[in-house]
$ cat final-v4.csv   # CSV, C-alpha atoms
chain,number,residue,atom,x,y,z
A,1,MET,CA,0.0,0.0,0.0
A,2,VAL,CA,1.2,3.5,-0.9
A,3,VAL,CA,0.7,5.5,2.3
A,4,THR,CA,2.3,8.9,2.2
A,5,THR,CA,4.0,10.8,-0.6
A,6,PHE,CA,6.4,13.8,-0.1
A,7,ILE,CA,7.9,16.2,-2.6
A,8,ALA,CA,10.7,18.2,-0.9
A,9,ARG,CA,13.7,20.4,-1.6
A,10,VAL,CA,17.0,18.6,-1.3
A,11,VAL,CA,19.1,21.5,0.1
A,12,ASP,CA,17.0,21.8,3.3
A,13,GLY,CA,14.2,19.3,3.2
A,14,LEU,CA,11.5,22.0,2.8
A,15,ILE,CA,8.3,20.1,2.0
A,16,LEU,CA,6.7,21.3,-1.2
A,17,CYS,CA,3.8,18.9,-1.2
A,18,GLU,CA,2.5,16.1,0.9
A,19,SER,CA,-0.2,13.6,0.1
A,20,TRP,CA,-1.5,10.8,2.3
A,21,ASP,CA,-3.8,7.8,1.8
A,22,SER,CA,-7.1,8.6,3.5
A,23,GLY,CA,-8.2,5.0,3.0
A,24,GLY,CA,-5.7,3.6,5.4
A,25,GLU,CA,-2.7,4.3,7.7
A,26,ALA,CA,0.4,2.2,8.1
A,27,PRO,CA,1.3,0.8,11.5
A,28,ASP,CA,2.8,3.6,13.7
A,29,GLY,CA,1.9,6.0,10.8
A,30,GLN,CA,2.5,9.4,12.5
A,31,ASN,CA,5.8,8.3,13.9
A,32,GLN,CA,6.9,7.1,10.4
A,33,LYS,CA,5.9,10.4,8.9
A,34,ASN,CA,8.0,12.2,11.5
A,35,LYS,CA,10.9,10.0,10.7
A,36,ALA,CA,10.4,10.7,7.0
A,37,LYS,CA,10.4,14.5,7.6
A,38,MET,CA,13.7,14.1,9.6
A,39,LEU,CA,15.2,12.1,6.8
A,40,LEU,CA,14.2,14.6,4.2
A,41,LYS,CA,16.5,17.1,5.9
A,42,LYS,CA,19.5,14.8,5.7
A,43,LEU,CA,19.6,13.7,2.1
A,44,GLN,CA,22.2,16.0,0.6
A,45,ASN,CA,25.1,14.3,-1.1
A,46,THR,CA,23.5,10.8,-0.8
A,47,ASP,CA,22.3,8.1,-3.1
A,48,PRO,CA,19.9,9.4,-5.7
A,49,ARG,CA,17.7,6.3,-5.5
A,50,CYS,CA,17.3,4.5,-2.2
A,51,SER,CA,15.0,2.4,-0.1
A,52,VAL,CA,15.3,3.0,3.6
A,53,ASP,CA,14.0,0.3,6.0
A,54,SER,CA,12.1,1.8,9.0
A,55,GLY,CA,10.7,-1.2,10.7
A,56,SER,CA,7.0,-1.5,9.8
A,57,CYS,CA,7.4,0.7,6.7
A,58,VAL,CA,9.9,1.4,3.9
A,59,PHE,CA,10.8,4.9,2.7
A,60,HIS,CA,11.6,4.9,-1.1
A,61,TYR,CA,13.0,8.1,-2.6
A,62,VAL,CA,14.4,9.5,-5.8
A,63,ILE,CA,16.5,12.7,-6.0
A,64,ASP,CA,16.5,14.7,-9.2
A,65,ASN,CA,17.3,18.4,-10.1
A,66,GLY,CA,17.3,19.5,-6.5
A,67,ILE,CA,14.0,17.8,-5.6
A,68,ILE,CA,13.3,14.7,-3.5
A,69,TYR,CA,10.3,12.5,-4.3
A,70,MET,CA,9.6,10.1,-1.4
A,71,VAL,CA,6.9,7.6,-0.8
A,72,ILE,CA,6.2,5.6,2.4
A,73,THR,CA,4.9,2.1,1.7
A,74,ASP,CA,4.3,-1.0,3.8
A,75,ARG,CA,7.0,-3.6,3.8
A,76,SER,CA,5.1,-6.0,1.5
A,77,TYR,CA,4.8,-3.4,-1.3
A,78,PRO,CA,7.2,-4.3,-4.2
A,79,LYS,CA,10.2,-2.0,-4.3
A,80,VAL,CA,10.3,-1.7,-8.1
A,81,ILE,CA,6.6,-0.7,-8.3
A,82,ALA,CA,7.2,2.0,-5.6
A,83,PHE,CA,10.0,3.5,-7.7
A,84,ARG,CA,7.9,3.3,-10.9
A,85,PHE,CA,5.3,5.3,-9.0
A,86,LEU,CA,7.9,7.9,-8.0
A,87,GLU,CA,9.1,8.2,-11.6
A,88,ASP,CA,5.5,8.9,-12.6
A,89,ILE,CA,5.1,11.5,-9.9
A,90,LYS,CA,8.3,13.1,-10.9
A,91,ALA,CA,7.3,13.4,-14.5
A,92,LEU,CA,3.9,14.8,-13.6
A,93,PHE,CA,5.4,17.3,-11.2
A,94,ILE,CA,8.0,18.6,-13.8
A,95,GLN,CA,5.2,18.8,-16.3
A,96,SER,CA,3.2,20.9,-13.8
A,97,LEU,CA,6.1,23.2,-13.2
A,98,MET,CA,6.7,23.7,-16.9
A,99,ALA,CA,3.0,24.6,-17.3
A,100,ASP,CA,3.3,27.2,-14.6
A,101,TRP,CA,6.8,28.6,-15.2
A,102,GLY,CA,7.3,27.9,-18.9
A,103,GLN,CA,9.5,25.6,-21.0
A,104,GLY,CA,13.3,25.9,-20.5
A,105,VAL,CA,13.0,27.4,-17.0
A,106,ASP,CA,15.8,26.6,-14.5
A,107,ILE,CA,13.8,24.5,-12.1
A,108,ARG,CA,16.5,24.1,-9.5
A,109,SER,CA,17.0,27.8,-9.2
A,110,ARG,CA,13.2,28.5,-9.0
A,111,ILE,CA,12.7,25.8,-6.4
A,112,GLU,CA,15.5,27.4,-4.2
A,113,THR,CA,13.6,30.7,-4.1
A,114,ILE,CA,10.6,29.2,-2.4
A,115,ASP,CA,10.4,30.2,1.2
A,116,LYS,CA,7.2,28.6,2.5
A,117,PRO,CA,6.4,24.9,3.0
A,118,TYR,CA,3.6,23.2,1.0
A,119,HIS,CA,3.9,25.7,-1.8
A,120,PHE,CA,2.6,23.1,-4.3
A,121,ILE,CA,-0.1,21.6,-2.0
A,122,ARG,CA,-2.6,21.6,-4.9
A,123,PHE,CA,-0.4,19.0,-6.6
A,124,ASP,CA,-1.6,16.5,-4.0
A,125,ARG,CA,-4.7,15.9,-6.1
A,126,THR,CA,-2.6,14.7,-8.9
A,127,ILE,CA,-0.7,12.4,-6.5
A,128,ALA,CA,-3.9,11.0,-5.1
A,129,LYS,CA,-5.2,10.3,-8.6
A,130,LYS,CA,-2.0,8.5,-9.5
A,131,LYS,CA,-2.1,6.5,-6.3
A,132,GLN,CA,-5.3,4.8,-7.4
A,133,GLU,CA,-3.4,3.2,-10.3
A,134,TYR,CA,-0.8,1.8,-7.8
A,135,ARG,CA,-3.1,0.9,-4.9
A,136,ASP,CA,-3.1,-2.8,-5.6
A,137,PRO,CA,0.4,-4.1,-6.5
A,138,GLN,CA,-1.2,-7.4,-7.8
A,139,SER,CA,-3.3,-5.7,-10.4
A,140,SER,CA,-2.5,-6.4,-14.1
A,141,GLY,CA,-1.3,-2.8,-14.6
A,142,SER,CA,1.1,-3.0,-11.6
A,143,MET,CA,2.4,-6.5,-12.7
A,144,GLN,CA,3.1,-5.1,-16.2
A,145,ARG,CA,5.1,-2.2,-14.6
A,146,LEU,CA,6.9,-4.8,-12.5
A,147,ASN,CA,7.9,-6.8,-15.6
A,148,ASN,CA,9.0,-3.7,-17.4
A,149,SER,CA,11.1,-2.5,-14.5
A,150,LEU,CA,12.9,-5.6,-13.1
A,151,GLN,CA,16.2,-4.4,-14.5
A,152,GLU,CA,16.1,-1.4,-12.2
A,153,VAL,CA,16.4,-3.5,-9.1
A,154,GLN,CA,20.2,-3.5,-9.2
A,155,SER,CA,20.4,0.3,-9.3
A,156,ILE,CA,18.4,0.8,-6.1
A,157,MET,CA,20.4,1.1,-2.9
A,158,SER,CA,19.0,-0.1,0.4
A,159,ARG,CA,19.7,1.5,3.8
A,160,ASN,CA,18.5,1.4,7.4
A,161,ILE,CA,16.8,4.5,8.9
A,162,GLU,CA,19.1,4.7,11.9
A,163,ASP,CA,22.2,4.6,9.6
A,164,MET,CA,20.7,7.3,7.3
A,165,LEU,CA,19.8,9.6,10.2
A,166,GLN,CA,23.2,9.0,11.8
A,167,ARG,CA,24.9,9.7,8.4
A,168,GLY,CA,23.0,12.9,8.2
A,169,GLU,CA,24.3,13.9,11.7
A,170,ASN,CA,27.8,13.1,10.5
A,171,LEU,CA,27.3,15.2,7.4
A,172,GLU,CA,26.2,18.1,9.6
A,173,GLU,CA,29.3,17.7,11.7
A,174,VAL,CA,31.4,17.7,8.6
A,175,GLY,CA,29.6,20.8,7.4
A,176,GLN,CA,30.2,22.5,10.7
A,177,LYS,CA,33.9,21.6,10.7
A,178,SER,CA,34.2,22.8,7.1
A,179,SER,CA,32.7,26.1,8.1
A,180,ALA,CA,35.0,26.4,11.1
A,181,LEU,CA,38.0,25.5,8.8
A,182,ARG,CA,36.9,28.2,6.3
A,183,ASP,CA,36.6,30.8,9.0
A,184,ALA,CA,40.0,29.8,10.4
A,185,SER,CA,41.5,30.0,6.9
A,186,MET,CA,40.1,33.6,6.5
A,187,GLN,CA,41.6,34.6,9.8
A,188,TYR,CA,44.9,33.1,8.9
A,189,LYS,CA,44.9,35.0,5.6
A,190,ASP,CA,44.2,38.3,7.4
A,191,LEU,CA,46.9,37.5,10.0
A,192,SER,CA,49.4,36.7,7.2
A,193,LYS,CA,48.7,40.1,5.6
A,194,GLN,CA,49.3,41.8,8.9
A,195,LEU,CA,52.6,39.9,9.5
A,196,HIS,CA,53.7,40.7,6.0
A,197,MET,CA,53.1,44.4,6.5
A,198,GLN,CA,54.9,44.3,9.8
A,199,ALA,CA,57.9,42.5,8.2
A,200,LEU,CA,58.0,45.2,5.5
A,201,MET,CA,57.8,48.0,8.1
A,202,LYS,CA,60.6,46.4,10.1
A,203,LYS,CA,62.8,46.0,7.0
A,204,TRP,CA,62.2,49.3,5.2
A,205,GLY,CA,60.9,51.5,8.0
A,206,PRO,CA,64.3,52.7,9.3
A,207,ILE,CA,65.5,53.4,5.8
A,208,ALA,CA,62.3,55.3,5.1
A,209,ALA,CA,62.7,57.3,8.3
A,210,ILE,CA,66.3,58.2,7.5
A,211,GLY,CA,65.3,59.2,4.0
A,212,PHE,CA,62.6,61.4,5.4
A,213,VAL,CA,65.0,63.1,7.8
A,214,VAL,CA,67.5,63.8,5.0
A,215,LEU,CA,64.8,65.2,2.8
A,216,LEU,CA,63.5,67.4,5.7
A,217,PHE,CA,67.1,68.7,6.4
A,218,ILE,CA,67.6,69.5,2.7
A,219,TYR,CA,64.3,71.3,2.6
A,220,ILE,CA,65.1,73.4,5.6
A,221,GLN,CA,68.6,74.3,4.4
A,222,PHE,CA,67.8,75.3,0.8
A,223,PHE,CA,64.1,76.2,0.9
$ encode --input "final-v4.csv" --output "structure tokens"
Amino acid sequence: MVVTTFIARVVDGLILCESWDSGGEAPDGQNQKNKAKMLLKKLQNTDPRCSVDSGSCVFHYVIDNGIIYMVITDRSYPKVIAFRFLEDIKALFIQSLMADWGQGVDIRSRIETIDKPYHFIRFDRTIAKKKQEYRDPQSSGSMQRLNNSLQEVQSIMSRNIEDMLQRGENLEEVGQKSSALRDASMQYKDLSKQLHMQALMKKWGPIAAIGFVVLLFIYIQFF
């Protein structure tokens, strides 16, 4: 069963659209949604296609052009069909953006300017409609999608929710250390300039002072 679908921004996990299945809720559903929202904030520089095991549910996601497409399904739902669903959602979402913003627009740049969550909440109706086609993984349509997509299994990574969340924390630590290193580098650069100026003053300062005295003496004597 496809339970909840998210579309979010990669850079900070800002949720652009969320759609849930009103016909049913996965075990521990609200807790799983909270985990998904935490995970969405930690997916920079990670696998572009991945299934994350979270106990009673599985989070499947695809990252493309600065956007995360994620769906929560129960454990029995076929992985390949879940990713086929995400690919359909991605295509429909890009099509919707092109209709609103025009062909050839830089989608990533436009997405990064959005400052409020759920900016595309109206797109949830499109997601809900597409969910109906994927509700039963044993249907003839779903089985056809499964047969057409079996070769994709090898390209899908699998992770554990604890590992992914911990990895996200480690990435944040790396980012903080990088920022500290960058600040220290700037301070070192400024200090180097100051030391260089001090060395020049120490080397040429006395000569400049003597020259100034000589010029002053000549000026007084002859002018």
$ atom_distance --input "final-v4.csv" --atom1 "atom CA of Gln132 of chain A" --atom2 "atom CA of Arg84 of chain A"
13.7 Å
$ atom_distance --input "final-v4.csv" --atom1 "atom CA of Met1 of chain A" --atom2 "atom CA of Asp136 of chain A"
7.0 Å
$ residues_around --input "final-v4.csv" --residues "segment 113-115 of chain A" --least-positions-apart "6" --cutoff "10 Å" --atoms "all atoms listed in the file" --output "ChimeraX atom specification"
/A:9,14,16
$ write_last_selection --input "final-v4.csv" --atoms "C-alpha atoms" --output "PDB file, in the frame of the given file"
ATOM      1  CA  ARG A   9      13.700  20.400  -1.600  1.00  0.00           C
ATOM      2  CA  LEU A  14      11.500  22.000   2.800  1.00  0.00           C
ATOM      3  CA  LEU A  16       6.700  21.300  -1.200  1.00  0.00           C
TER       4      LEU A  16
END
$ residues_around --input "final-v4.csv" --residues "Leu43 of chain A" --least-positions-apart "3" --cutoff "8 Å" --atoms "only C-alpha atoms" --output "PyMOL selection string"
chain A and resi 10+13+39-40+46+168
$ atom_distance --input "final-v4.csv" --atom1 "atom CA of Asn160 of chain A" --atom2 "atom CA of Asp21 of chain A"
23.9 Å
$ residues_around --input "final-v4.csv" --residues "Asn65 of chain A" --least-positions-apart "3" --cutoff "9 Å" --atoms "all atoms listed in the file" --output "PDB file with C-alpha atoms, in the frame of the given file"
ATOM      1  CA  VAL A  10      17.000  18.600  -1.300  1.00  0.00           C
ATOM      2  CA  ILE A  68      13.300  14.700  -3.500  1.00  0.00           C
ATOM      3  CA  ILE A 107      13.800  24.500 -12.100  1.00  0.00           C
ATOM      4  CA  ARG A 108      16.500  24.100  -9.500  1.00  0.00           C
TER       5      ARG A 108
END
$ residues_around --input "final-v4.csv" --residues "Ile94 of chain A" --least-positions-apart "4" --cutoff "12 Å" --atoms "all atoms listed in the file" --output "VMD selection string"
chain A and resid 7 64 to 67 69 87 to 90 98 to 108 111 120 123
$ residues_around --input "final-v4.csv" --residues "Ile15 of chain A" --least-positions-apart "2" --cutoff "6 Å" --atoms "all atoms listed in the file" --output "list of chain:residue names"
A:Ala8, A:Cys17, A:Pro117, A:Tyr118
$ residues_near_point --input "final-v4.csv" --point "(5.2, -0.8, -2.8)" --cutoff "10 Å" --atoms "all atoms listed in the file" --output "ChimeraX atom specification"
/A:1-3,57-60,71-85,134-137,142
$ write_last_selection --input "final-v4.csv" --atoms "C-alpha atoms" --output "PDB file, keeping the file's coordinate frame"
ATOM      1  CA  MET A   1       0.000   0.000   0.000  1.00  0.00           C
ATOM      2  CA  VAL A   2       1.200   3.500  -0.900  1.00  0.00           C
ATOM      3  CA  VAL A   3       0.700   5.500   2.300  1.00  0.00           C
ATOM      4  CA  CYS A  57       7.400   0.700   6.700  1.00  0.00           C
ATOM      5  CA  VAL A  58       9.900   1.400   3.900  1.00  0.00           C
ATOM      6  CA  PHE A  59      10.800   4.900   2.700  1.00  0.00           C
ATOM      7  CA  HIS A  60      11.600   4.900  -1.100  1.00  0.00           C
ATOM      8  CA  VAL A  71       6.900   7.600  -0.800  1.00  0.00           C
ATOM      9  CA  ILE A  72       6.200   5.600   2.400  1.00  0.00           C
ATOM     10  CA  THR A  73       4.900   2.100   1.700  1.00  0.00           C
ATOM     11  CA  ASP A  74       4.300  -1.000   3.800  1.00  0.00           C
ATOM     12  CA  ARG A  75       7.000  -3.600   3.800  1.00  0.00           C
ATOM     13  CA  SER A  76       5.100  -6.000   1.500  1.00  0.00           C
ATOM     14  CA  TYR A  77       4.800  -3.400  -1.300  1.00  0.00           C
ATOM     15  CA  PRO A  78       7.200  -4.300  -4.200  1.00  0.00           C
ATOM     16  CA  LYS A  79      10.200  -2.000  -4.300  1.00  0.00           C
ATOM     17  CA  VAL A  80      10.300  -1.700  -8.100  1.00  0.00           C
ATOM     18  CA  ILE A  81       6.600  -0.700  -8.300  1.00  0.00           C
ATOM     19  CA  ALA A  82       7.200   2.000  -5.600  1.00  0.00           C
ATOM     20  CA  PHE A  83      10.000   3.500  -7.700  1.00  0.00           C
ATOM     21  CA  ARG A  84       7.900   3.300 -10.900  1.00  0.00           C
ATOM     22  CA  PHE A  85       5.300   5.300  -9.000  1.00  0.00           C
ATOM     23  CA  TYR A 134      -0.800   1.800  -7.800  1.00  0.00           C
ATOM     24  CA  ARG A 135      -3.100   0.900  -4.900  1.00  0.00           C
ATOM     25  CA  ASP A 136      -3.100  -2.800  -5.600  1.00  0.00           C
ATOM     26  CA  PRO A 137       0.400  -4.100  -6.500  1.00  0.00           C
ATOM     27  CA  SER A 142       1.100  -3.000 -11.600  1.00  0.00           C
TER      28      SER A 142
END
$ closest_residue --input "final-v4.csv" --among "A:Val213, A:Lys35, A:Ala128, A:Trp204" --to "Leu165 of chain A" --atoms "only C-alpha atoms"
A:Lys35
$ closest_residue --input "final-v4.csv" --among "A:Lys42, A:Lys33, A:His119, A:Arg49" --to "Gln166 of chain A" --atoms "all atoms listed in the file"
A:Lys42
$ closest_residue --input "final-v4.csv" --among "A:Ile127, A:Leu97, A:Met164, A:Glu18" --to "Asn45 of chain A" --atoms "all atoms listed in the file"
A:Met164
